[in-house]
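Novice: Got a structure for you, final-v2.txt, holding compact mmCIF, C-alpha atoms.
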# COMPACT_ATOMS: atom_id res chain seq x y z
CA MET Y 1 -25.64 -13.77 -4.95
CA LYS Y 2 -28.40 -14.69 -7.41
CA LYS Y 3 -30.39 -16.21 -4.59
CA LEU Y 4 -29.89 -13.11 -2.52
CA LEU Y 5 -31.06 -10.78 -5.26
CA THR Y 6 -34.10 -12.96 -5.80
CA LEU Y 7 -34.88 -12.76 -2.08
CA ILE Y 8 -34.55 -8.98 -2.08
CA ALA Y 9 -36.76 -8.65 -5.12
CA ALA Y 10 -39.33 -10.96 -3.54
CA ALA Y 11 -39.27 -9.02 -0.27
CA ALA Y 12 -39.68 -5.74 -2.09
CA VAL Y 13 -42.48 -6.94 -4.29
CA SER Y 14 -44.37 -8.36 -1.29
CA ALA Y 15 -43.86 -5.17 0.65
CA GLY Y 16 -44.94 -3.19 -2.39
CA SER Y 17 -48.09 -5.22 -2.93
CA PHE Y 18 -48.95 -5.02 0.71
CA LEU Y 19 -48.80 -1.27 0.81
CA ALA Y 20 -49.53 -0.43 -2.77
CA ALA Y 21 -52.71 1.36 -1.99
CA ALA Y 22 -51.32 4.72 -1.14
CA GLN Y 23 -48.97 7.22 -2.65
CA GLY Y 24 -47.43 9.93 -0.56
CA ARG Y 25 -44.51 12.03 0.42
CA ASN Y 26 -42.47 9.36 2.18
CA GLU Y 27 -40.00 7.07 0.48
CA ILE Y 28 -38.10 4.09 1.68
CA ASN Y 29 -35.34 2.74 -0.54
CA LEU Y 30 -33.03 -0.24 -0.43
CA TYR Y 31 -29.83 -0.27 -2.45
CA ILE Y 32 -26.99 -2.59 -3.15
CA GLY Y 33 -23.67 -1.09 -4.23
CA GLY Y 34 -20.03 -1.84 -4.77
CA VAL Y 35 -17.38 -2.19 -2.12
CA ASN Y 36 -17.13 0.25 0.76
CA SER Y 37 -14.62 3.11 0.37
CA THR Y 38 -12.79 1.99 3.53
CA TYR Y 39 -11.94 -1.26 1.79
CA ALA Y 40 -10.35 0.63 -1.07
CA SER Y 41 -8.37 2.86 1.30
CA LEU Y 42 -6.98 0.17 3.63
CA ASP Y 43 -3.21 -0.12 3.53
CA ARG Y 44 -2.71 -3.79 2.67
CA ASN Y 45 1.09 -3.57 2.63
CA SER Y 46 1.06 -6.15 -0.12
CA GLY Y 47 3.87 -4.84 -2.30
CA ASN Y 48 7.42 -6.11 -2.63
CA ALA Y 49 8.34 -7.20 0.86
CA HIS Y 50 12.08 -6.82 0.71
CA ARG Y 51 12.40 -3.33 -0.69
CA ASP Y 52 11.81 -1.40 2.51
CA LEU Y 53 11.61 -2.09 6.23
CA TYR Y 54 7.98 -1.05 6.62
CA SER Y 55 6.97 -3.77 4.16
CA ILE Y 56 8.95 -6.31 6.13
CA TYR Y 57 7.98 -5.43 9.69
CA GLU Y 58 4.41 -4.23 9.34
CA PRO Y 59 1.71 -6.82 8.76
CA SER Y 60 0.26 -7.38 5.33
CA TYR Y 61 -3.46 -7.91 4.83
CA THR Y 62 -5.55 -10.03 2.55
CA ILE Y 63 -9.07 -8.68 2.72
CA THR Y 64 -12.28 -9.36 0.86
CA CYS Y 65 -15.32 -7.17 1.04
CA GLY Y 66 -18.98 -7.82 0.44
CA PRO Y 67 -21.33 -5.33 -1.24
CA THR Y 68 -22.47 -2.21 0.56
CA TRP Y 69 -26.10 -2.29 1.58
CA SER Y 70 -27.90 0.97 1.94
CA LEU Y 71 -31.34 1.67 3.33
CA ASP Y 72 -32.74 5.16 3.27
CA PHE Y 73 -35.85 6.99 4.26
CA CYS Y 74 -36.82 10.37 2.87
CA HIS Y 75 -39.72 12.75 3.45
CA ARG Y 76 -40.50 15.05 0.55
CA PHE Y 77 -41.32 18.56 1.69
CA ASN Y 78 -42.05 20.18 -1.65
CA SER Y 79 -41.47 19.73 -5.37
CA TRP Y 80 -37.70 19.87 -5.06
CA LEU Y 81 -36.55 18.98 -1.54
CA GLY Y 82 -36.67 15.87 0.61
CA ILE Y 83 -34.98 15.28 3.95
CA GLY Y 84 -34.22 11.93 5.55
CA PHE Y 85 -31.44 9.59 6.54
CA GLN Y 86 -29.58 6.66 5.15
CA ALA Y 87 -28.01 3.68 6.89
CA ASP Y 88 -25.25 1.69 5.21
CA TYR Y 89 -23.72 -1.64 6.06
CA ALA Y 90 -20.57 -3.28 4.72
CA SER Y 91 -18.59 -6.22 5.96
CA MET Y 92 -15.00 -7.25 5.33
CA SER Y 93 -13.00 -10.24 6.37
CA GLY Y 94 -9.57 -11.61 5.70
CA SER Y 95 -6.27 -12.36 7.30
CA LYS Y 96 -3.23 -10.55 8.58
CA SER Y 97 0.27 -11.96 8.28
CA TYR Y 98 3.81 -10.95 9.14
CA ARG Y 99 6.80 -11.37 6.89
CA ILE Y 100 9.61 -11.76 9.34
CA GLY Y 101 10.23 -13.53 12.59
CA SER Y 102 7.74 -15.97 14.02
CA ILE Y 103 5.17 -16.01 11.31
CA SER Y 104 1.53 -16.33 12.25
CA ASN Y 105 -1.65 -15.62 10.41
CA SER Y 106 -4.53 -13.93 12.19
CA SER Y 107 -8.08 -13.74 11.03
CA LEU Y 108 -9.67 -10.34 10.94
CA ASN Y 109 -13.03 -8.84 10.30
CA LEU Y 110 -14.56 -5.42 10.08
CA ASP Y 111 -18.18 -4.39 10.00
CA ILE Y 112 -18.96 -0.80 9.10
CA ILE Y 113 -22.34 0.68 9.85
CA SER Y 114 -22.87 4.25 8.70
CA VAL Y 115 -25.75 6.53 9.58
CA LEU Y 116 -26.08 9.72 7.57
CA PRO Y 117 -28.78 12.38 7.59
CA GLN Y 118 -29.40 13.27 3.96
CA ALA Y 119 -30.94 15.87 1.69
CA LYS Y 120 -32.48 14.81 -1.62
CA PHE Y 121 -33.03 17.29 -4.44
CA TYR Y 122 -35.61 16.42 -7.09
CA ILE Y 123 -34.89 17.57 -10.63
CA PRO Y 124 -37.83 18.34 -12.95
CA SER Y 125 -37.96 15.37 -15.30
CA PRO Y 126 -40.31 13.04 -17.23
CA ARG Y 127 -42.83 11.07 -15.17
CA ASN Y 128 -41.25 7.71 -15.90
CA PHE Y 129 -37.64 8.81 -15.57
CA ARG Y 130 -37.35 10.92 -12.45
CA MET Y 131 -33.96 12.41 -11.68
CA TYR Y 132 -32.51 13.55 -8.38
CA THR Y 133 -29.28 14.35 -6.55
CA LYS Y 134 -28.44 13.59 -2.93
CA ALA Y 135 -25.96 14.63 -0.27
CA ALA Y 136 -25.48 12.99 3.10
CA PHE Y 137 -23.17 13.53 6.05
CA GLY Y 138 -22.92 11.52 9.27
CA ALA Y 139 -20.85 8.93 11.08
CA SER Y 140 -19.48 5.43 10.52
CA PHE Y 141 -19.18 2.91 13.31
CA ASN Y 142 -16.31 0.49 12.77
CA VAL Y 143 -16.50 -2.81 14.58
CA GLY Y 144 -13.68 -5.29 14.18
CA ASN Y 145 -9.92 -5.65 14.01
CA ALA Y 146 -9.00 -4.87 10.42
CA GLY Y 147 -6.63 -2.03 11.13
CA ILE Y 148 -9.14 0.79 11.66
CA ASN Y 149 -8.11 2.44 14.89
CA ASP Y 150 -11.07 4.79 15.31
CA PRO Y 151 -14.32 3.15 16.33
CA VAL Y 152 -16.25 6.14 14.98
CA THR Y 153 -15.31 8.14 11.91
CA TYR Y 154 -17.16 10.78 9.95
CA ALA Y 155 -18.98 9.67 6.84
CA TRP Y 156 -20.18 11.48 3.77
CA GLU Y 157 -21.64 10.60 0.44
CA VAL Y 158 -22.77 12.61 -2.55
CA SER Y 159 -24.88 11.27 -5.39
CA PRO Y 160 -24.55 13.78 -8.22
CA PHE Y 161 -26.88 11.84 -10.43
CA GLY Y 162 -29.64 9.39 -9.64
CA PHE Y 163 -32.84 8.37 -11.36
CA GLU Y 164 -36.00 6.39 -10.72
CA TRP Y 165 -38.02 4.46 -13.20
CA GLY Y 166 -41.25 2.52 -13.06
CA GLY Y 167 -44.37 3.22 -11.03
CA GLN Y 168 -45.00 6.02 -8.59
CA VAL Y 169 -45.39 3.63 -5.68
CA VAL Y 170 -42.90 0.87 -6.32
CA TYR Y 171 -39.98 1.82 -8.48
CA GLY Y 172 -36.44 0.95 -9.39
CA GLN Y 173 -33.55 3.34 -9.06
CA ALA Y 174 -29.87 3.73 -9.81
CA GLU Y 175 -27.38 6.36 -8.80
CA LEU Y 176 -23.74 7.29 -9.06
CA CYS Y 177 -22.08 8.21 -5.79
CA PHE Y 178 -18.80 9.16 -4.20
CA GLY Y 179 -17.59 9.81 -0.69
CA ASN Y 180 -16.01 7.76 2.07
CA VAL Y 181 -18.94 5.36 2.31
CA LEU Y 182 -19.14 4.16 -1.26
CA VAL Y 183 -17.52 5.18 -4.51
CA GLY Y 184 -19.18 4.01 -7.69
CA ALA Y 185 -22.79 3.16 -8.25
CA LYS Y 186 -25.68 1.51 -6.52
CA ILE Y 187 -29.00 0.17 -7.65
CA GLY Y 188 -32.09 -0.39 -5.63
CA ILE Y 189 -35.80 -0.53 -5.23
CA GLY Y 190 -38.05 1.98 -3.53
CA TYR Y 191 -41.50 2.32 -2.11
CA ARG Y 192 -43.40 5.61 -1.84
CA PHE Y 193 -46.30 6.04 0.60
CA MET Q 1 -45.38 4.72 11.05
CA LYS Q 2 -45.85 1.08 12.03
CA LYS Q 3 -45.61 0.14 8.38
CA ILE Q 4 -42.32 1.98 7.99
CA ILE Q 5 -40.83 0.22 10.99
CA LEU Q 6 -42.04 -3.17 9.76
CA ILE Q 7 -40.52 -2.70 6.30
CA ALA Q 8 -37.24 -1.37 7.70
CA ALA Q 9 -36.97 -4.31 10.11
CA ALA Q 10 -37.68 -6.83 7.36
CA LEU Q 11 -35.12 -5.36 4.99
CA LEU Q 12 -32.45 -4.96 7.66
CA SER Q 13 -32.78 -8.57 8.79
CA LEU Q 14 -32.51 -9.67 5.18
CA ALA Q 15 -29.28 -7.71 4.78
CA ALA Q 16 -27.90 -9.05 8.05
CA CYS Q 17 -28.52 -12.64 6.92
CA THR Q 18 -26.15 -12.24 4.01
CA LYS Q 19 -23.04 -12.05 6.17
CA LYS Q 20 -22.23 -13.75 9.43
CA ILE Q 21 -20.42 -11.36 11.71
CA SER Q 22 -17.48 -13.30 13.01
CA PRO Q 23 -16.77 -12.87 16.71
CA SER Q 24 -13.18 -14.00 16.24
CA GLY Q 25 -10.41 -11.69 17.33
CA ASP Q 26 -6.76 -11.68 16.44
CA ALA Q 27 -6.26 -15.36 17.13
CA ILE Q 28 -3.73 -17.47 15.33
CA VAL Q 29 -5.28 -19.59 12.62
CA GLY Q 30 -3.99 -23.10 12.22
CA GLY Q 31 -1.08 -22.62 14.59
CA ASN Q 32 1.35 -22.82 11.70
CA GLU Q 33 4.27 -20.80 13.04
CA TYR Q 34 7.74 -20.62 11.55
CA TYR Q 35 10.58 -18.17 11.44
CA SER Q 36 11.15 -16.40 8.16
CA SER Q 37 14.31 -14.57 7.23
CA SER Q 38 14.11 -14.57 3.45
CA ASN Q 39 12.81 -10.99 3.31
CA ALA Q 40 15.63 -9.81 5.56
CA ARG Q 41 18.20 -11.53 3.34
CA ASN Q 42 16.65 -10.06 0.21
CA TYR Q 43 16.57 -6.61 1.81
CA MET Q 44 20.28 -6.78 2.65
CA MET Q 45 21.08 -7.90 -0.86
CA SER Q 46 19.00 -5.11 -2.37
CA ILE Q 47 20.89 -2.54 -0.27
CA ALA Q 48 24.18 -4.03 -1.47
CA ASP Q 49 22.93 -4.14 -5.01
CA ASP Q 50 21.52 -0.60 -5.02
CA LEU Q 51 24.37 1.10 -3.21
CA VAL Q 52 27.60 -0.89 -3.41
CA THR Q 53 27.07 -2.22 -6.90
CA GLY Q 54 25.65 1.11 -8.06
CA ALA Q 55 28.61 3.00 -6.64
CA LEU Q 56 31.21 0.62 -8.09
CA ASP Q 57 29.51 0.74 -11.47
CA GLU Q 58 29.89 4.54 -11.41
CA LEU Q 59 33.56 4.20 -10.53
CA GLU Q 60 34.17 1.74 -13.32
CA SER Q 61 32.41 3.98 -15.81
CA ALA Q 62 34.62 6.84 -14.56
CA PHE Q 63 37.66 4.78 -15.55
CA THR Q 64 36.24 4.31 -19.03
CA ILE Q 65 35.63 8.03 -19.46
CA ASP Q 66 39.09 8.80 -18.05
CA GLN Q 67 40.65 6.34 -20.48
CA MET Q 68 38.91 8.05 -23.40
CA GLY Q 69 40.64 11.26 -22.39
CA ALA Q 70 37.42 13.17 -22.33
CA ASN Q 71 37.64 16.48 -20.57
CA ALA Q 72 33.94 16.85 -20.17
CA SER Q 73 31.19 14.42 -19.41
CA ILE Q 74 27.50 14.63 -18.84
CA HIS Q 75 27.89 12.04 -16.09
CA PHE Q 76 30.74 13.53 -14.05
CA ASP Q 77 32.26 16.77 -13.00
CA ILE Q 78 35.86 15.92 -14.04
CA SER Q 79 37.45 19.35 -14.17
CA LYS Q 80 40.07 18.43 -11.54
CA GLY Q 81 42.09 15.92 -13.57
CA SER Q 82 42.40 12.17 -14.02
CA ILE Q 83 40.50 9.91 -11.63
CA LEU Q 84 43.65 7.76 -11.51
CA THR Q 85 45.62 10.56 -9.85
CA GLU Q 86 45.85 10.63 -6.06
CA GLY Q 87 43.89 13.46 -4.49
CA VAL Q 88 41.62 13.97 -7.49
CA SER Q 89 37.91 13.88 -6.85
CA TRP Q 90 35.10 13.51 -9.35
CA THR Q 91 31.40 14.04 -8.72
CA VAL Q 92 28.48 12.22 -10.34
CA THR Q 93 26.39 14.88 -12.05
CA GLY Q 94 24.26 12.97 -14.57
CA ARG Q 95 20.62 13.87 -14.16
CA ASP Q 96 19.44 10.30 -14.58
CA ARG Q 97 21.95 8.79 -12.15
CA ALA Q 98 20.57 7.13 -9.01
CA LEU Q 99 23.60 8.30 -7.02
CA LYS Q 100 23.80 11.83 -8.42
CA GLY Q 101 26.04 13.94 -6.19
CA MET Q 102 28.29 11.04 -5.11
CA SER Q 103 31.94 12.00 -4.91
CA LEU Q 104 34.69 9.64 -6.04
CA GLU Q 105 38.02 10.53 -4.50
CA ASN Q 106 41.29 8.85 -5.36
CA THR Q 107 43.03 8.22 -2.02
CA GLY Q 108 46.11 6.59 -3.54
CA SER Q 109 47.31 3.00 -3.94
CA ASP Q 110 44.53 2.14 -6.36
CA THR Q 111 41.99 3.01 -3.69
CA TRP Q 112 38.98 5.29 -3.93
CA GLU Q 113 36.63 6.68 -1.33
CA LEU Q 114 33.06 7.06 -2.58
CA THR Q 115 30.82 9.29 -0.46
CA TYR Q 116 27.13 9.81 -0.97
CA ASN Q 117 24.78 11.97 1.06
CA GLY Q 118 21.48 12.31 -0.71
CA TYR Q 119 18.33 10.45 -1.59
CA PHE Q 120 17.66 7.09 -3.11
CA SER Q 121 14.38 6.44 -4.91
CA LEU Q 122 12.53 3.20 -4.31
CA GLN Q 123 9.00 2.35 -5.41
CA GLY Q 124 7.96 5.98 -5.61
CA GLU Q 125 9.49 6.87 -2.22
CA SER Q 126 12.65 8.91 -1.82
CA TYR Q 127 14.77 7.88 1.18
CA PRO Q 128 17.68 9.84 2.70
CA VAL Q 129 20.84 7.77 2.33
CA TYR Q 130 24.36 8.33 3.53
CA PHE Q 131 27.32 6.04 2.96
CA ILE Q 132 31.08 5.90 2.62
CA LEU Q 133 32.47 3.14 0.49
CA LYS Q 134 36.22 2.52 0.46
CA ALA Q 135 37.12 0.48 -2.58
CA LYS Q 136 40.50 -1.01 -3.47
CA ARG Q 137 40.79 -2.09 -7.04
CA GLY Q 138 41.80 -5.66 -7.78
CA ASN Q 139 42.57 -7.30 -11.08
CA LEU Q 140 40.74 -6.56 -14.31
CA VAL Q 141 38.41 -9.46 -14.93
CA LYS Q 142 36.42 -8.89 -18.06
CA GLY Q 143 35.88 -5.86 -20.27
CA SER Q 144 35.96 -2.90 -17.94
CA HIS Q 145 35.09 -4.81 -14.78
CA TYR Q 146 37.39 -5.36 -11.82
CA ASN Q 147 37.37 -7.30 -8.60
CA TRP Q 148 37.04 -5.00 -5.59
CA ALA Q 149 37.89 -5.11 -1.91
CA VAL Q 150 35.47 -2.77 -0.15
CA THR Q 151 34.43 -1.53 3.25
CA LEU Q 152 31.00 0.01 3.61
CA ASN Q 153 29.51 2.19 6.31
CA GLY Q 154 26.22 4.04 6.02
CA ASN Q 155 22.59 4.41 6.86
CA ARG Q 156 19.21 4.84 5.24
CA THR Q 157 16.10 6.48 6.69
CA GLU Q 158 12.80 5.07 5.51
CA ARG Q 159 9.09 5.71 5.99
CA SER Q 160 7.09 5.31 9.22
CA GLY Q 161 10.06 5.68 11.57
CA TYR Q 162 12.12 2.83 10.11
CA ALA Q 163 15.83 3.20 9.41
CA CYS Q 164 18.86 1.02 9.07
CA SER Q 165 22.61 1.30 9.34
CA PHE Q 166 24.85 -1.04 7.42
CA LYS Q 167 28.53 -1.82 7.41
CA THR Q 168 30.96 -4.51 6.51
CA SER Q 169 32.65 -5.98 9.55
CA ALA Q 170 35.92 -6.21 7.62
CA THR Q 171 37.06 -5.74 4.05
CA VAL Q 172 34.69 -7.54 1.73
CA LEU Q 173 35.70 -8.89 -1.62
CA TYR Q 174 33.41 -8.19 -4.54
CA GLN Q 175 34.21 -10.60 -7.28
CA CYS Q 176 33.33 -10.24 -10.88
CA LYS Q 177 32.85 -13.52 -12.66
CA GLY Q 178 31.86 -14.52 -16.16
CA ASN Q 179 29.74 -11.98 -17.94
CA ASN Q 180 28.36 -10.50 -14.72
CA THR Q 181 29.05 -6.98 -13.66
CA VAL Q 182 30.30 -6.35 -10.16
CA GLY Q 183 27.71 -7.68 -7.74
CA TRP Q 184 26.97 -9.03 -4.32
CA ASN Q 185 26.45 -12.43 -5.86
CA TYR Q 186 30.09 -13.34 -5.45
CA MET Q 187 30.78 -11.42 -2.27
CA GLU Q 188 33.18 -12.84 0.30
CA GLY Q 189 33.08 -11.54 3.87
CA SER Q 190 30.63 -10.31 6.50
CA TYR Q 191 27.97 -7.69 6.12
CA LEU Q 192 26.06 -6.32 9.10
CA LEU Q 193 22.78 -4.40 9.14
CA THR Q 194 21.00 -2.86 12.15
CA VAL Q 195 17.29 -2.07 11.93
CA TYR Q 196 15.89 0.92 13.83
CA LYS Q 197 12.32 1.87 14.62
CA ASP Q 198 11.84 5.38 15.97
CA GLU Q 199 15.60 5.61 16.47
CA ALA Q 200 15.79 2.54 18.73
CA PRO Q 201 17.55 -0.60 17.44
CA VAL Q 202 15.08 -3.44 16.97
CA ASP Q 203 16.96 -6.02 14.96
CA LEU Q 204 20.41 -7.01 13.81
CA TRP Q 205 21.13 -9.01 10.70
CA LEU Q 206 24.43 -10.52 9.72
CA MET Q 207 25.21 -12.13 6.39
CA GLU Q 208 28.40 -14.02 5.75
CA PHE Q 209 29.25 -14.66 2.14
CA ASN Q 210 31.71 -17.18 0.81
CA GLY Q 211 31.60 -16.39 -2.88
CA ASN Q 212 28.67 -18.67 -3.57
CA PRO Q 213 25.44 -16.66 -3.94
CA TYR Q 214 23.36 -19.63 -2.81
CA ASP Q 215 25.38 -20.39 0.26
CA ALA Q 216 25.31 -17.17 2.33
CA HIS Q 217 24.87 -17.64 6.07
CA PHE Q 218 22.32 -15.45 7.81
CA THR Q 219 22.11 -14.70 11.53
CA THR Q 220 19.62 -12.46 13.31
CA GLY Q 221 19.19 -11.03 16.80
CA LEU Q 222 20.25 -8.10 18.90
Could you quickly redo this structure as structure tokens?

Specialist:
Amino acid sequence: MKKLLTLIAAAAVSAGSFLAAAQGRNEINLYIGGVNSTYASLDRNSGNAHRDLYSIYEPSYTITCGPTWSLDFCHRFNSWLGIGFQADYASMSGSKSYRIGSISNSSLNLDIISVLPQAKFYIPSPRNFRMYTKAAFGASFNVGNAGINDPVTYAWEVSPFGFEWGGQVVYGQAELCFGNVLVGAKIGIGYRF
Amino acid sequence: MKKIILIAAALLSLAACTKKISPSGDAIVGGNEYYSSSNARNYMMSIADDLVTGALDELESAFTIDQMGANASIHFDISKGSILTEGVSWTVTGRDRALKGMSLENTGSDTWELTYNGYFSLQGESYPVYFILKAKRGNLVKGSHYNWAVTLNGNRTERSGYACSFKTSATVLYQCKGNNTVGWNYMEGSYLLTVYKDEAPVDLWLMEFNGNPYDAHFTTGL
């Protein structure tokens, strides 16, 4: 993970240096966040197996989930509104097992790619601590066999509070968010041009 | 625009490198297959423990209350006379009782018929349960506990279309030993359970007890 973060930072800094000449109305941001909401909502059926028949006959799941990656682009139209899109990626893997009969373990995996048009609202704030809120709505594409029956599901995410710090061109950012893509917080780096 | 595409491509490939997308499907890993019945056995025992033992415990506590000569109880509706009298029926009314609403009817010859048609709470779920338990009292073993000869017939409806019916294939002896209360642990006889999914039978489990809790024989199959 450390290596990965170093790589991201290096990529961002190189990209930033390369394009640091200009400052404009477009932003591109890369975030890393907690686990995807789908992971939290999956029915793992991992409770006491013998208390009811569902627990016995339906498979139980052991699933791990990587962080949610989010890349967004936003064009700022005026002092308070920006419009763009975000793309999120999360990956899960694990195993499925049965508790009765001929027991077999199956591997499973699920990759979720979400694409959400978004609106970003800029809040008047100090130059070095710029606040915003965001709302996004779109679709998630579920690829894999981890118990998600619909290949496409709707996706939404709201960030009630986010802030940027650092320079006007290359900056860091953090935001709180909720929705069915990610619940919790994410941090990232951004580039404005 | 070119710059945007270049940056996006670079960052996306970086993210993609962090996780290999496995092409594997639902294949068996390791090929380690075996048949497991321990959950079925435990399920049957929990039904017996929750319902048969619970019901017999209520009956035994009714004897205690009857013996005390109480004419009112927060646990039972006992307005119809002694539970030891043939034809008399008591009802479990205690708010905190798992089998609230169960009727205990004296059918004569030291035999009671316990009928329950209500709900049973398990792990936050409330399942409809119906059963009739015919219990013939045996000898007093310890304190207020007796040995019982019982027949059981009933069913339970659970979540996601699952249900089961259960019965004893003949009279089953519930033995009380040592300091234990009445329990399935020392059961003698056969106990049959049919599993249903969406009202169709999908499995049949049979347990045969010989009085040794560690030596029950389990058979499965329709």

Novice: Measuring atom to atom with all atoms listed in the file, identify which of Q:Ser144, Q:Ser190, Q:Ala200, Q:Thr91 is nearest to Thr64 in chain Q.

Specialist: Q:Ser144

Novice: What's around range 109-122 of chain Q at 7 Å? Count all atoms listed in the file, leave out sequence neighbours fewer than 5 positions away in its own chain, and write the answer as a count of residues only.

Specialist: 16

Novice: With only C-alpha atoms as the counted atoms, please give the residues lying no more than 9 Å from range 164-180 of chain Y, apart from itself and same-chain residues fewer than 2 positions off, as a PyMOL selection string.

Specialist: chain Y and resi 12-13+16-17+19-24+27+29+31+36-38+127-134+154-162+182-193

Novice: Which is closer to chain Q than all the others in Y:Ser125, Y:Asn142, Y:Ser93, Y:Ser60, using all atoms listed in the file?

Specialist: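 Distance minimum relative to chain Q lands on Y:Ser93.
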
Novice: Looking at Q:Ala149, Q:Val172, Q:Ala62, Q:Ala48, which one is nearest to Phe209 in chain Q, with distances taken over only C-alpha atoms?

Specialist: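 Nearest candidate to Phe209 in chain Q out of Q:Ala149, Q:Val172, Q:Ala62, Q:Ala48: Q:Val172.
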
Novice: To one decimal place in Å, what is the distance between CA of Leu116 in chain Y and CA of Thr62 in chain Y?

Specialist: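 Straight-line distance from CA of Leu116 in chain Y to CA of Thr62 in chain Y works out to 28.9 Å.
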
Novice: Quick check, in Å to one decimal: how far apart do CA of Val195 in chain Q and CA of Leu56 in chain Q lie?

Specialist: 24.5 Å

Novice: Measuring atom to atom with only C-alpha atoms, identify which of Q:Ile83, Q:Val141, Q:Leu193, Q:Ala163 is nearest to chain Y.

Specialist: Q:Ala163

Novice: Record the distance separating CA of Val92 in chain Q and CA of Leu192 in chain Q, expressed in Å with one decimal.

Specialist: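 Between CA of Val92 in chain Q and CA of Leu192 in chain Q the gap is 27.0 Å.
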
Novice: Residues within 7 Å of Trp80 in chain Y, please, as a list in words. Count all atoms listed in the file; anything in the same chain fewer than 5 positions from it doesn't count.

Specialist: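 Contacts, in chain order: Phe121, Tyr122 and Ile123 of chain Y.
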
Novice: Which residues are close to Met92 in chain Y, i.e. within 9 Å by only C-alpha atoms, leaving aside same-chain residues fewer than 3 positions away? Reply as a tab-separated table (two decimals) with C-alpha atoms, in the frame of the given file.

Specialist:
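Saved result, out.tsv, follows:
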chain	number	residue	atom	x	y	z
Y	39	TYR	CA	-11.94	-1.26	1.79
Y	63	ILE	CA	-9.07	-8.68	2.72
Y	64	THR	CA	-12.28	-9.36	0.86
Y	65	CYS	CA	-15.32	-7.17	1.04
Y	66	GLY	CA	-18.98	-7.82	0.44
Y	108	LEU	CA	-9.67	-10.34	10.94
Y	109	ASN	CA	-13.03	-8.84	10.30
Y	110	LEU	CA	-14.56	-5.42	10.08
Y	111	ASP	CA	-18.18	-4.39	10.00
Y	112	ILE	CA	-18.96	-0.80	9.10
Y	146	ALA	CA	-9.00	-4.87	10.42

Novice: List the neighbours of Glu86 in chain Q out to 6 Å using all atoms listed in the file; skip same-chain residues closer than 4 positions along the sequence, and give me the result as a PyMOL selection string.

Specialist: chain Q and resi 106-108

Novice: Compare Q:Asp77, Q:Asp96, Q:Asp57, Q:Asp50 by their minimum atom-to-atom distance to chain Y, counting all atoms listed in the file, and give me the closest one.

Specialist: Q:Asp50

Novice: Could you tell me which of Q:Tyr43, Q:Tyr191, Q:Trp205, Q:Phe166 comes closest to chain Y if we count all atoms listed in the file?

Specialist: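 For chain Y, the nearest of the candidates is Q:Tyr43.
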
Novice: Quick one: axis-aligned box around all listed atoms of range 80-86 of chain Q, 5 Å on every side, centre and edge lengths in Å to one decimal, written as lines of an AutoDock Vina configuration file.

Specialist:
center_x = 43.0
center_y = 13.1
center_z = -10.0
size_x = 15.8
size_y = 20.7
size_z = 18.0

Novice: Taking N, CA and C atoms as the atom set, what does range 49-59 of chain Y look like once completed, written as a PDB file, in the coordinates of the input?

Specialist:
ATOM      1  N   ALA Y  49       8.045  -7.196  -0.572  1.00  0.00           N
ATOM      2  CA  ALA Y  49       8.340  -7.200   0.860  1.00  0.00           C
ATOM      3  C   ALA Y  49       9.758  -6.773   1.182  1.00  0.00           C
ATOM      4  N   HIS Y  50      10.691  -7.015   0.311  1.00  0.00           N
ATOM      5  CA  HIS Y  50      12.080  -6.820   0.710  1.00  0.00           C
ATOM      6  C   HIS Y  50      12.645  -5.454   0.349  1.00  0.00           C
ATOM      7  N   ARG Y  51      11.831  -4.584  -0.233  1.00  0.00           N
ATOM      8  CA  ARG Y  51      12.400  -3.330  -0.690  1.00  0.00           C
ATOM      9  C   ARG Y  51      12.510  -2.274   0.403  1.00  0.00           C
ATOM     10  N   ASP Y  52      11.629  -2.314   1.385  1.00  0.00           N
ATOM     11  CA  ASP Y  52      11.810  -1.400   2.510  1.00  0.00           C
ATOM     12  C   ASP Y  52      11.361  -2.052   3.819  1.00  0.00           C
ATOM     13  N   LEU Y  53      11.790  -1.451   4.924  1.00  0.00           N
ATOM     14  CA  LEU Y  53      11.610  -2.090   6.230  1.00  0.00           C
ATOM     15  C   LEU Y  53      10.152  -2.105   6.670  1.00  0.00           C
ATOM     16  N   TYR Y  54       9.410  -1.081   6.280  1.00  0.00           N
ATOM     17  CA  TYR Y  54       7.980  -1.050   6.620  1.00  0.00           C
ATOM     18  C   TYR Y  54       7.293  -2.297   6.053  1.00  0.00           C
ATOM     19  N   SER Y  55       7.598  -2.608   4.808  1.00  0.00           N
ATOM     20  CA  SER Y  55       6.970  -3.770   4.160  1.00  0.00           C
ATOM     21  C   SER Y  55       7.329  -5.063   4.870  1.00  0.00           C
ATOM     22  N   ILE Y  56       8.510  -5.090   5.466  1.00  0.00           N
ATOM     23  CA  ILE Y  56       8.950  -6.310   6.130  1.00  0.00           C
ATOM     24  C   ILE Y  56       8.345  -6.442   7.523  1.00  0.00           C
ATOM     25  N   TYR Y  57       8.367  -5.342   8.276  1.00  0.00           N
ATOM     26  CA  TYR Y  57       7.980  -5.430   9.690  1.00  0.00           C
ATOM     27  C   TYR Y  57       6.497  -5.216   9.954  1.00  0.00           C
ATOM     28  N   GLU Y  58       5.835  -4.469   9.106  1.00  0.00           N
ATOM     29  CA  GLU Y  58       4.410  -4.230   9.340  1.00  0.00           C
ATOM     30  C   GLU Y  58       3.602  -5.371   8.712  1.00  0.00           C
ATOM     31  N   PRO Y  59       2.472  -5.694   9.291  1.00  0.00           N
ATOM     32  CA  PRO Y  59       1.710  -6.820   8.760  1.00  0.00           C
ATOM     33  C   PRO Y  59       1.139  -6.527   7.375  1.00  0.00           C
TER      34      PRO Y  59
END
